[in-house]
Every structure is written in structure tokens, then in C-alpha cells.
file upload-v6.cif (mmCIF, C-alpha atoms)
data_target
#
loop_
_atom_site.label_atom_id
_atom_site.label_comp_id
_atom_site.auth_asym_id
_atom_site.auth_seq_id
_atom_site.Cartn_x
_atom_site.Cartn_y
_atom_site.Cartn_z
CA MET D 1 -3.31 -61.33 185.52
CA THR D 2 -4.18 -59.25 188.57
CA LYS D 3 -1.24 -57.27 189.91
CA VAL D 4 -0.97 -57.29 193.71
CA LEU D 5 1.28 -55.55 196.20
CA ILE D 6 1.29 -57.38 199.54
CA ASP D 7 1.97 -55.43 202.75
CA CYS D 8 2.57 -57.92 205.55
CA ASP D 9 4.17 -58.85 208.86
CA PRO D 10 5.13 -62.54 208.49
CA GLY D 11 3.74 -64.20 210.67
CA ILE D 12 2.42 -67.73 210.20
CA ASP D 13 -0.77 -66.79 208.38
CA ASP D 14 1.09 -64.15 206.34
CA ALA D 15 3.37 -66.95 205.14
CA LEU D 16 0.40 -69.09 204.17
CA ALA D 17 -1.15 -66.09 202.38
CA LEU D 18 2.07 -65.49 200.43
CA ALA D 19 2.13 -69.18 199.50
CA LEU D 20 -1.44 -68.86 198.18
CA ALA D 21 -0.47 -65.84 196.09
CA ALA D 22 2.66 -67.60 194.83
CA GLY D 23 0.60 -70.61 193.77
CA SER D 24 -2.07 -68.59 191.94
CA PRO D 25 -1.24 -68.17 188.22
CA SER D 26 -3.79 -65.35 187.91
CA LEU D 27 -1.82 -63.12 190.32
CA GLU D 28 1.32 -61.14 189.60
CA ILE D 29 3.08 -60.10 192.81
CA VAL D 30 4.72 -56.75 192.04
CA GLY D 31 6.17 -56.27 195.50
CA ILE D 32 6.19 -57.31 199.14
CA THR D 33 6.46 -54.64 201.83
CA THR D 34 6.96 -55.36 205.51
CA VAL D 35 5.83 -53.77 208.74
CA GLY D 36 6.42 -54.46 212.42
CA GLY D 37 3.51 -56.46 213.76
CA ASN D 38 3.39 -60.12 214.69
CA VAL D 39 7.11 -59.80 215.45
CA ASP D 40 9.56 -56.92 215.11
CA LEU D 41 10.33 -55.43 211.68
CA SER D 42 13.77 -57.04 211.47
CA MET D 43 12.16 -60.45 211.82
CA THR D 44 9.14 -59.83 209.57
CA THR D 45 11.54 -58.62 206.87
CA ALA D 46 13.88 -61.59 207.32
CA ASN D 47 10.88 -63.90 207.06
CA ALA D 48 9.64 -62.17 203.91
CA LEU D 49 13.07 -62.57 202.32
CA ALA D 50 13.21 -66.25 203.25
CA LEU D 51 9.69 -66.79 201.93
CA ARG D 52 10.50 -65.04 198.64
CA GLU D 53 13.25 -67.57 197.99
CA PHE D 54 11.47 -70.61 199.43
CA LEU D 55 8.36 -69.90 197.33
CA ASP D 56 10.48 -69.19 194.24
CA LEU D 57 9.15 -65.68 193.73
CA GLY D 58 12.17 -64.61 191.71
CA ASP D 59 13.04 -60.94 191.72
CA VAL D 60 9.89 -59.68 193.46
CA PRO D 61 11.20 -56.76 195.55
CA VAL D 62 10.97 -56.99 199.34
CA THR D 63 11.03 -53.52 200.89
CA PRO D 64 11.00 -52.91 204.65
CA GLY D 65 8.73 -50.26 206.10
CA SER D 66 7.60 -49.01 209.48
CA ALA D 67 9.07 -50.60 212.58
CA GLY D 68 6.35 -49.31 214.89
CA ALA D 69 2.95 -47.68 215.08
CA LEU D 70 2.22 -44.01 214.42
CA LEU D 71 2.02 -43.37 218.16
CA PRO D 72 4.57 -44.80 220.59
CA GLN D 73 3.26 -48.26 221.45
CA THR D 74 4.31 -51.82 220.85
CA VAL D 75 1.83 -54.64 220.34
CA ARG D 76 3.34 -57.94 219.22
CA ALA D 77 2.12 -61.53 218.90
CA ALA D 78 5.21 -63.71 219.31
CA HIS D 79 3.23 -65.70 221.86
CA VAL D 80 1.01 -66.76 218.95
CA HIS D 81 3.50 -66.99 216.07
CA GLY D 82 6.63 -68.04 217.96
CA GLU D 83 9.82 -66.06 218.48
CA SER D 84 10.77 -66.43 214.81
CA GLY D 85 7.29 -65.45 213.62
CA LEU D 86 6.96 -68.62 211.52
CA GLY D 87 6.02 -71.01 214.29
CA GLY D 88 7.59 -74.43 213.83
CA ALA D 89 8.63 -73.84 210.20
CA VAL D 90 12.36 -73.45 209.59
CA LEU D 91 13.29 -72.04 206.18
CA PRO D 92 16.73 -71.75 204.60
CA ALA D 93 18.42 -68.41 205.21
CA PRO D 94 17.85 -66.01 202.31
CA VAL D 95 20.71 -65.21 199.97
CA ARG D 96 19.38 -61.95 198.51
CA ASP D 97 18.82 -58.78 200.50
CA VAL D 98 16.03 -56.22 200.66
CA SER D 99 15.45 -53.57 198.03
CA ALA D 100 16.72 -50.09 198.76
CA GLY D 101 14.31 -47.52 200.14
CA HIS D 102 11.26 -47.54 202.35
CA ALA D 103 7.99 -49.42 201.91
CA VAL D 104 5.96 -46.19 201.91
CA ASP D 105 7.89 -44.83 198.91
CA PHE D 106 7.67 -48.19 197.15
CA ILE D 107 3.89 -48.29 197.57
CA ILE D 108 3.47 -44.74 196.26
CA ASP D 109 5.84 -45.22 193.33
CA ALA D 110 4.33 -48.57 192.30
CA LEU D 111 0.76 -47.22 192.29
CA LYS D 112 1.76 -44.02 190.53
CA ALA D 113 3.51 -45.98 187.78
CA ALA D 114 0.47 -48.18 187.12
CA PRO D 115 -2.70 -46.32 188.10
CA GLY D 116 -5.76 -48.53 188.31
CA GLU D 117 -3.75 -51.72 187.89
CA ILE D 118 -2.47 -52.78 191.33
CA THR D 119 -4.54 -54.17 194.19
CA LEU D 120 -3.09 -53.51 197.63
CA ILE D 121 -3.41 -56.47 199.98
CA ALA D 122 -2.65 -55.46 203.57
CA VAL D 123 -2.52 -58.27 206.13
CA GLY D 124 -0.64 -56.59 208.99
CA PRO D 125 -0.94 -53.34 210.93
CA LEU D 126 -1.86 -50.54 208.50
CA THR D 127 1.04 -48.23 209.34
CA ASN D 128 2.68 -48.30 205.90
CA ILE D 129 -0.62 -47.77 204.09
CA ALA D 130 -1.59 -44.85 206.36
CA LEU D 131 1.78 -43.14 205.87
CA ALA D 132 1.50 -43.59 202.12
CA VAL D 133 -1.96 -42.01 202.15
CA ARG D 134 -0.73 -39.07 204.20
CA ARG D 135 2.26 -38.50 201.95
CA GLU D 136 0.39 -38.97 198.67
CA PRO D 137 -3.42 -38.91 198.98
CA ARG D 138 -3.79 -39.74 195.28
CA ILE D 139 -2.90 -43.39 195.92
CA VAL D 140 -6.56 -43.80 196.87
CA GLU D 141 -7.37 -43.13 193.21
CA TRP D 142 -4.34 -44.97 191.81
CA ALA D 143 -4.99 -48.27 193.63
CA ARG D 144 -7.23 -50.69 191.81
CA ASP D 145 -8.48 -51.88 195.20
CA LEU D 146 -7.53 -52.16 198.87
CA VAL D 147 -8.17 -55.51 200.54
CA ILE D 148 -7.28 -55.94 204.21
CA MET D 149 -7.35 -58.63 206.83
CA GLY D 150 -8.32 -56.94 210.07
CA GLY D 151 -11.04 -55.89 212.43
CA SER D 152 -14.38 -57.41 213.28
CA TYR D 153 -17.98 -56.28 213.63
CA THR D 154 -18.55 -58.65 216.56
CA ARG D 155 -15.57 -58.96 218.92
CA GLY D 156 -11.79 -59.03 218.94
CA ASN D 157 -9.10 -61.64 219.43
CA HIS D 158 -6.25 -59.73 221.10
CA ASN D 159 -8.78 -58.42 223.60
CA PRO D 160 -12.61 -58.54 223.72
CA ALA D 161 -12.99 -55.46 221.49
CA ALA D 162 -10.06 -55.37 219.06
CA GLU D 163 -8.51 -57.61 216.44
CA PHE D 164 -4.70 -57.66 216.51
CA ASN D 165 -3.92 -55.74 213.29
CA MET D 166 -6.23 -52.90 214.30
CA LEU D 167 -4.99 -52.77 217.89
CA ALA D 168 -1.35 -52.71 216.77
CA ASP D 169 -1.93 -49.29 215.15
CA PRO D 170 -5.45 -47.88 215.58
CA GLU D 171 -4.46 -44.40 214.39
CA ALA D 172 -3.16 -45.83 211.12
CA ALA D 173 -6.31 -47.90 210.66
CA ALA D 174 -8.47 -44.82 211.27
CA ILE D 175 -6.55 -42.91 208.58
CA VAL D 176 -6.93 -45.75 206.08
CA PHE D 177 -10.68 -46.17 206.60
CA ALA D 178 -11.21 -42.40 206.30
CA ALA D 179 -9.06 -41.97 203.16
CA GLY D 180 -11.87 -42.05 200.59
CA TRP D 181 -11.67 -45.52 199.11
CA THR D 182 -13.91 -48.51 199.81
CA VAL D 183 -11.91 -50.86 202.01
CA LYS D 184 -12.63 -54.53 201.33
CA GLN D 185 -12.48 -55.86 204.88
CA LEU D 186 -11.86 -59.50 205.77
CA GLY D 187 -12.41 -59.53 209.53
CA LEU D 188 -12.49 -62.18 212.22
CA ASP D 189 -16.18 -62.74 211.51
CA VAL D 190 -15.19 -64.70 208.37
CA THR D 191 -11.50 -65.54 208.87
CA LEU D 192 -12.21 -67.57 212.00
CA SER D 193 -14.14 -70.01 209.80
CA ALA D 194 -11.07 -70.63 207.57
CA VAL D 195 -9.74 -73.32 209.89
CA VAL D 196 -7.23 -76.08 209.26
CA THR D 197 -8.86 -79.45 209.94
CA SER D 198 -7.19 -82.85 209.90
CA ALA D 199 -8.57 -83.38 206.38
CA VAL D 200 -6.92 -80.15 205.22
CA LEU D 201 -3.66 -81.11 206.92
CA ASP D 202 -3.74 -84.51 205.19
CA ARG D 203 -3.80 -82.73 201.82
CA MET D 204 -0.85 -80.55 202.85
CA ARG D 205 1.42 -83.40 203.99
CA PRO D 206 2.20 -84.90 200.53
CA LEU D 207 3.20 -81.53 199.02
CA GLY D 208 6.95 -82.13 198.95
CA ARG D 209 9.16 -79.23 199.91
CA LEU D 210 6.18 -76.91 200.36
CA SER D 211 4.87 -79.11 203.16
CA GLU D 212 7.95 -78.12 205.20
CA LEU D 213 6.32 -74.69 205.49
CA LEU D 214 2.63 -75.52 205.43
CA VAL D 215 2.41 -78.36 207.93
CA PRO D 216 4.42 -76.97 210.87
CA ALA D 217 2.99 -73.48 210.33
CA ALA D 218 -0.61 -74.71 210.19
CA GLN D 219 -0.23 -76.75 213.36
CA PHE D 220 1.75 -74.30 215.46
CA TYR D 221 -0.91 -72.13 217.00
CA GLY D 222 -3.70 -74.57 217.62
CA MET D 223 -4.62 -78.23 217.82
CA VAL D 224 -5.85 -79.67 214.54
CA THR D 225 -8.79 -82.07 214.76
CA ALA D 226 -11.37 -83.49 212.38
CA GLU D 227 -13.80 -80.78 213.48
CA GLY D 228 -11.53 -77.74 213.50
CA GLY D 229 -8.22 -76.12 214.22
CA PRO D 230 -6.33 -72.84 213.81
CA ALA D 231 -7.59 -70.25 211.33
CA ILE D 232 -5.36 -69.00 208.51
CA HIS D 233 -6.72 -65.45 208.63
CA ASP D 234 -4.50 -63.65 206.12
CA ALA D 235 -5.06 -66.15 203.31
CA CYS D 236 -8.66 -64.94 203.23
CA ALA D 237 -7.53 -61.56 201.87
CA VAL D 238 -5.68 -63.20 198.99
CA ALA D 239 -8.62 -65.55 198.39
CA TYR D 240 -10.94 -62.54 198.17
CA VAL D 241 -8.82 -61.06 195.37
CA LEU D 242 -8.84 -64.39 193.57
CA ASP D 243 -12.59 -65.01 193.95
CA PRO D 244 -14.81 -62.49 195.77
CA SER D 245 -17.80 -64.80 195.29
CA LEU D 246 -16.42 -66.99 198.09
CA PHE D 247 -17.63 -64.32 200.51
CA ALA D 248 -20.86 -62.56 201.33
CA ALA D 249 -20.20 -58.86 201.88
CA VAL D 250 -22.24 -55.88 203.04
CA PRO D 251 -21.54 -52.14 202.57
CA ALA D 252 -20.90 -50.39 205.87
CA VAL D 253 -19.49 -47.32 207.55
CA VAL D 254 -16.51 -48.37 209.65
CA ASN D 255 -14.81 -46.15 212.22
CA VAL D 256 -11.80 -47.20 214.27
CA GLU D 257 -11.82 -46.42 217.99
CA THR D 258 -8.60 -44.69 219.01
CA ALA D 259 -9.46 -43.34 222.46
CA GLY D 260 -11.50 -45.93 224.33
CA THR D 261 -10.08 -47.29 227.55
CA TYR D 262 -11.41 -50.78 226.83
CA THR D 263 -12.24 -50.50 223.12
CA ARG D 264 -9.10 -49.00 221.53
CA GLY D 265 -8.61 -50.61 218.12
CA MET D 266 -12.24 -51.68 217.79
CA THR D 267 -13.72 -51.40 214.29
CA VAL D 268 -17.11 -49.84 215.00
CA THR D 269 -19.24 -51.06 212.10
CA ASP D 270 -22.56 -49.56 211.07
CA PHE D 271 -24.47 -51.50 208.43
CA LYS D 272 -27.31 -48.94 208.50
CA VAL D 273 -25.69 -46.71 205.92
CA ALA D 274 -28.79 -44.65 204.99
CA ASP D 275 -27.66 -41.63 202.96
CA ARG D 276 -24.01 -41.89 203.96
CA ARG D 277 -21.31 -43.14 201.62
CA PRO D 278 -20.01 -46.55 202.75
CA ASN D 279 -16.26 -46.58 203.34
CA ALA D 280 -16.04 -50.37 203.55
CA LEU D 281 -17.36 -53.58 202.09
CA VAL D 282 -17.41 -55.87 205.12
CA THR D 283 -17.40 -59.61 204.58
CA THR D 284 -19.90 -61.51 206.70
CA SER D 285 -19.60 -65.17 205.67
CA LEU D 286 -17.31 -67.56 203.80
CA ASP D 287 -18.00 -70.63 201.67
CA VAL D 288 -15.48 -72.76 203.56
CA LYS D 289 -15.48 -75.74 201.19
CA ARG D 290 -14.84 -73.62 198.11
CA PHE D 291 -12.23 -71.61 200.02
CA TRP D 292 -10.20 -74.73 200.79
CA ASP D 293 -10.65 -76.06 197.27
CA LEU D 294 -9.12 -72.81 196.01
CA VAL D 295 -6.32 -72.66 198.59
CA LEU D 296 -5.28 -76.30 198.42
CA GLY D 297 -5.47 -76.30 194.64
CA ALA D 298 -3.05 -73.37 194.58
CA TYR D 299 -0.76 -75.09 197.08
CA GLU D 300 -0.76 -78.28 195.02
CA GLY D 301 0.15 -76.35 191.88
CA LEU D 302 2.94 -74.52 193.70
CA ALA D 303 4.24 -77.77 195.20
CA ALA D 304 4.48 -79.32 191.72
CA ARG D 305 6.62 -76.38 190.64
CA LEU D 306 8.84 -76.37 193.72
CA GLY D 307 9.39 -80.15 193.81
#

call {"tool": "encode", "arguments": {"input": "upload-v6.cif", "output": "C-alpha cells"}}
result
Amino acid sequence: MTKVLIDCDPGIDDALALALAAGSPSLEIVGITTVGGNVDLSMTTANALALREFLDLGDVPVTPGSAGALLPQTVRAAHVHGESGLGGAVLPAPVRDVSAGHAVDFIIDALKAAPGEITLIAVGPLTNIALAVRREPRIVEWARDLVIMGGSYTRGNHNPAAEFNMLADPEAAAIVFAAGWTVKQLGLDVTLSAVVTSAVLDRMRPLGRLSELLVPAAQFYGMVTAEGGPAIHDACAVAYVLDPSLFAAVPAVVNVETAGTYTRGMTVTDFKVADRRPNALVTTSLDVKRFWDLVLGAYEGLAARLG
């Protein structure tokens, strides 16, 4: 079992990533922490609570974190994910509430209690992770790994230079990349190939109760055709933890632009490392067929359990 702590901002693709984790017997989810991102913190937290119950995650703690970025700014993506954050999916209201405390403290305490055992998976703005690093720099040593969805070495999606998670809090991203660990980075360069096609959607439709989340979420932010459709970006980070061999990856030095007029939030990636220590392992390609075999297999197993 690989222990994972998932920091997220649900979010359609966050929901699909959590479903992948929930359907993967080799993962133990030790906690879910939330951050303001795709929608406001109150909504990302409510969505995480609803997903915990819908996906039958038991007593996995859900702990809310940072409502906004380190510097005063607000970047949201409700125009992509819908006002609720979950697109066309409507889940039952959660019965259980959040855990006491703040996500930053939960992250620090969890890693301290199990050094070398827990992989952090961050699929939203990196505010919580940056604050945890600043408060307790030793988490860099305590974490088994840090895997993120964010950035790009080519171009952005929220604007020509920046991917959404990086643009939502560039200062936090800069802190995380400079913290001393090797960030496993799943950027747009690979996640945009993880697209829902009509064949993928056809395998989601028979999945009972789980299809009530998967199908409307997968279709909400793009037309699905035989050739392509919307990408489920965040699921790539979970897939990387499950099977890194799905991806080609290259060591790199990544810096996050925090001051550029047109390039704020850009992940400036240098693959010519020379004698410098790489601070990232940047994924460059994805075996799409094997990715979907993994994801849909996990969904089918979860659907059998949920009914």
C-alpha cells in the first residue's frame, strides 16, 4: 500500500482523480486537504466532503486550508467547472463535517508522524504546500514524494504563458519548487493527452452509481467525440503514483515567474541541467492507452463496490 495525502480544489478533474484513488487498492488515502482554486474554498471543501461519502472513503479526514493565494489575488475557474465546481454532477449532500484544524497543520502532522511513508499529491494551487514548507521545512525530508498537476514547459491554458494552478498562486509555486525536493510535475504537456473520447465515455456509462459522477463530469467542459474530448488533468497525478512507467520524464530546473507582466505563473523549464541539481522531474509524454486501461479498470472496480 502506498499512503497518499491529496491536496485539491474540487473541481471536475479533482473529483475524477479522487475517484481513481478511491478505486485503486494499492493506495491508502490518509487525508484530503482543500484549497481555494477552481471555486472558492467553501465550495471546494463541500465538494470534497460530498465526494468522500459518495466514493465511500470512510473516515478519511477532510481538512480545509487556504482560502486564497499568498498575495492578494483571486483566480478562479467556475467558467470551466461550473458554479458548483462539479460541472453537471449532482451529489448527495454530505452528512459528516470537516476535521478540526487547518490543512497546513494536518499536512505537517501527518508527514511528521510517518516520515518517508506518505506521498503528497497536489492537484490545485500550491498554497497549502508552500505554507507547510515555510512553517516546517523538514516536510521536504519527511514526504516520500511530491507529485503535482500543474505548469507546462510549452504554453499555458488560463493564458498563453501560465497553467491555472500555477497562475492561481505563483508565489506559492515558486516556494514549493525551491524547497529542496524533486517535484514530480505532471503538466499540460502530458495531461492534455488524457482526453475523454466517446469510447472512454461508453465504458463509464454502465458503472452504476459511479456513472452519476463520471459521465456528467467528463462531458461538462468539452464535447466528447470519437477522436477526442476534455482532458482529465488531475487524474494524471494519481496515475503517476500508481504507475510512473506510463510517463516519460526528464530531470529539469524549473523556476516559476512571479513578476512578468505577461508571463506571471509561467513554469520556466530548463532541461539543460549541466552541473546544477534538478528540482523537478518533468513528464513529457503519456502512454494514453495504458493510462485509460488503468483509470477505467480502477473505476470499474470502484463501481462494483459502490453498486

call {"tool": "closest_residue", "arguments": {"input": "upload-v6.cif", "among": "D:Ile121, D:Val98, D:Ala218, D:Val256", "to": "D:Ile175", "atoms": "all atoms listed in the file"}}
result
D:Val256

call {"tool": "resolve_selection", "arguments": {"input": "upload-v6.cif", "expression": "the PyMOL selection byres ((chain D and resi 49) around 12)", "output": "MDAnalysis selection string"}}
result
chainID D and resid 8:10 15 18 31:34 42:48 50:64 91:99

call {"tool": "closest_residue", "arguments": {"input": "upload-v6.cif", "among": "D:Met266, D:Leu188, D:Ala304, D:Ala161", "to": "D:Leu207", "atoms": "all atoms listed in the file"}}
result
D:Ala304

call {"tool": "closest_residue", "arguments": {"input": "upload-v6.cif", "among": "D:Ile129, D:Leu120, D:Ala199, D:Val250", "to": "D:Ala280", "atoms": "all atoms listed in the file"}}
result
D:Val250

call {"tool": "resolve_selection", "arguments": {"input": "upload-v6.cif", "expression": "the PyMOL selection byres ((chain D and resi 74) around 10)", "output": "list in words"}}
result
Gly36, Gly37, Asp40, Ala67, Gly68, Ala69, Leu71, Pro72, Gln73, Val75, Arg76, Leu167, Ala168 and Asp169 of chain D

call {"tool": "resolve_selection", "arguments": {"input": "upload-v6.cif", "expression": "the PyMOL selection byres ((chain D and resi 232) around 9)", "output": "ChimeraX atom specification"}}
result
/D:12-14,16-17,191-196,218,230-231,233-236

call {"tool": "atom_distance", "arguments": {"input": "upload-v6.cif", "atom1": "atom CA of D:Pro125", "atom2": "atom CA of D:Leu86"}}
result
17.2 Å

call {"tool": "residues_around", "arguments": {"input": "upload-v6.cif", "residues": "D:Lys184", "least_positions_apart": "4", "cutoff": "9 Å", "atoms": "all atoms listed in the file", "output": "ChimeraX atom specification"}}
result
/D:145-149,237,240,249,279-283

call {"tool": "atom_distance", "arguments": {"input": "upload-v6.cif", "atom1": "atom CA of D:Ala217", "atom2": "atom CA of D:Thr197"}}
result
13.3 Å

call {"tool": "atom_distance", "arguments": {"input": "upload-v6.cif", "atom1": "atom CA of D:Ala78", "atom2": "atom CA of D:Gly229"}}
result
19.0 Å

call {"tool": "decode", "arguments": {"input": "upload-v6.cif", "residues": "stretch 107-118 of chain D", "atoms": "all heavy atoms", "output": "mmCIF file, in the first residue's frame"}}
result
data_model
loop_
_atom_site.group_PDB
_atom_site.id
_atom_site.type_symbol
_atom_site.label_atom_id
_atom_site.label_comp_id
_atom_site.auth_asym_id
_atom_site.auth_seq_id
_atom_site.Cartn_x
_atom_site.Cartn_y
_atom_site.Cartn_z
ATOM 1 N N ILE D 107 -1.114 18.572 7.169
ATOM 2 C CA ILE D 107 -0.033 18.097 6.303
ATOM 3 C C ILE D 107 1.245 17.889 7.114
ATOM 4 O O ILE D 107 1.897 16.836 7.022
ATOM 5 C CB ILE D 107 0.201 19.088 5.149
ATOM 6 C CG1 ILE D 107 -0.983 19.073 4.180
ATOM 7 C CG2 ILE D 107 1.504 18.773 4.406
ATOM 8 C CD1 ILE D 107 -0.985 20.222 3.187
ATOM 9 N N ILE D 108 1.607 18.877 7.919
ATOM 10 C CA ILE D 108 2.830 18.776 8.715
ATOM 11 C C ILE D 108 2.746 17.604 9.688
ATOM 12 O O ILE D 108 3.670 16.784 9.796
ATOM 13 C CB ILE D 108 3.091 20.095 9.470
ATOM 14 C CG1 ILE D 108 3.413 21.214 8.480
ATOM 15 C CG2 ILE D 108 4.228 19.930 10.482
ATOM 16 C CD1 ILE D 108 3.444 22.595 9.110
ATOM 17 N N ASP D 109 1.634 17.517 10.412
ATOM 18 C CA ASP D 109 1.493 16.477 11.431
ATOM 19 C C ASP D 109 1.486 15.084 10.815
ATOM 20 O O ASP D 109 2.082 14.147 11.364
ATOM 21 C CB ASP D 109 0.212 16.706 12.233
ATOM 22 C CG ASP D 109 0.264 17.953 13.105
ATOM 23 O OD1 ASP D 109 1.377 18.476 13.328
ATOM 24 O OD2 ASP D 109 -0.809 18.410 13.555
ATOM 25 N N ALA D 110 0.815 14.932 9.663
ATOM 26 C CA ALA D 110 0.753 13.618 9.019
ATOM 27 C C ALA D 110 2.130 13.166 8.558
ATOM 28 O O ALA D 110 2.525 12.009 8.764
ATOM 29 C CB ALA D 110 -0.220 13.659 7.845
ATOM 30 N N LEU D 111 2.894 14.069 7.953
ATOM 31 C CA LEU D 111 4.231 13.709 7.465
ATOM 32 C C LEU D 111 5.193 13.459 8.620
ATOM 33 O O LEU D 111 6.026 12.548 8.561
ATOM 34 C CB LEU D 111 4.759 14.811 6.555
ATOM 35 C CG LEU D 111 3.985 15.035 5.247
ATOM 36 C CD1 LEU D 111 4.586 16.199 4.465
ATOM 37 C CD2 LEU D 111 3.964 13.788 4.385
ATOM 38 N N LYS D 112 5.062 14.250 9.665
ATOM 39 C CA LYS D 112 5.940 14.069 10.832
ATOM 40 C C LYS D 112 5.690 12.725 11.491
ATOM 41 O O LYS D 112 6.632 12.071 11.968
ATOM 42 C CB LYS D 112 5.708 15.199 11.830
ATOM 43 C CG LYS D 112 6.617 15.140 13.049
ATOM 44 C CD LYS D 112 6.379 16.324 13.982
ATOM 45 C CE LYS D 112 7.318 16.283 15.169
ATOM 46 N NZ LYS D 112 7.104 17.457 16.080
ATOM 47 N N ALA D 113 4.438 12.294 11.526
ATOM 48 C CA ALA D 113 4.087 11.043 12.197
ATOM 49 C C ALA D 113 4.509 9.812 11.402
ATOM 50 O O ALA D 113 4.628 8.719 11.983
ATOM 51 C CB ALA D 113 2.582 11.005 12.452
ATOM 52 N N ALA D 114 4.742 9.975 10.107
ATOM 53 C CA ALA D 114 5.104 8.830 9.268
ATOM 54 C C ALA D 114 6.158 9.230 8.248
ATOM 55 O O ALA D 114 5.915 9.223 7.042
ATOM 56 C CB ALA D 114 3.860 8.283 8.573
ATOM 57 N N PRO D 115 7.353 9.604 8.715
ATOM 58 C CA PRO D 115 8.375 10.093 7.781
ATOM 59 C C PRO D 115 8.748 9.036 6.743
ATOM 60 O O PRO D 115 8.947 7.870 7.071
ATOM 61 C CB PRO D 115 9.556 10.428 8.697
ATOM 62 C CG PRO D 115 9.308 9.684 9.978
ATOM 63 C CD PRO D 115 7.829 9.583 10.109
ATOM 64 N N GLY D 116 8.812 9.482 5.490
ATOM 65 C CA GLY D 116 9.185 8.599 4.403
ATOM 66 C C GLY D 116 8.080 7.691 3.899
ATOM 67 O O GLY D 116 8.317 6.887 2.998
ATOM 68 N N GLU D 117 6.869 7.837 4.440
ATOM 69 C CA GLU D 117 5.796 6.914 4.087
ATOM 70 C C GLU D 117 4.713 7.530 3.208
ATOM 71 O O GLU D 117 4.031 6.804 2.474
ATOM 72 C CB GLU D 117 5.132 6.361 5.356
ATOM 73 C CG GLU D 117 6.035 5.520 6.224
ATOM 74 C CD GLU D 117 5.304 4.961 7.433
ATOM 75 O OE1 GLU D 117 4.051 4.880 7.382
ATOM 76 O OE2 GLU D 117 5.967 4.624 8.427
ATOM 77 N N ILE D 118 4.514 8.839 3.269
ATOM 78 C CA ILE D 118 3.350 9.460 2.630
ATOM 79 C C ILE D 118 3.779 10.267 1.406
ATOM 80 O O ILE D 118 4.670 11.117 1.478
ATOM 81 C CB ILE D 118 2.604 10.379 3.623
ATOM 82 C CG1 ILE D 118 2.080 9.562 4.805
ATOM 83 C CG2 ILE D 118 1.456 11.109 2.927
ATOM 84 C CD1 ILE D 118 1.471 10.411 5.916
#
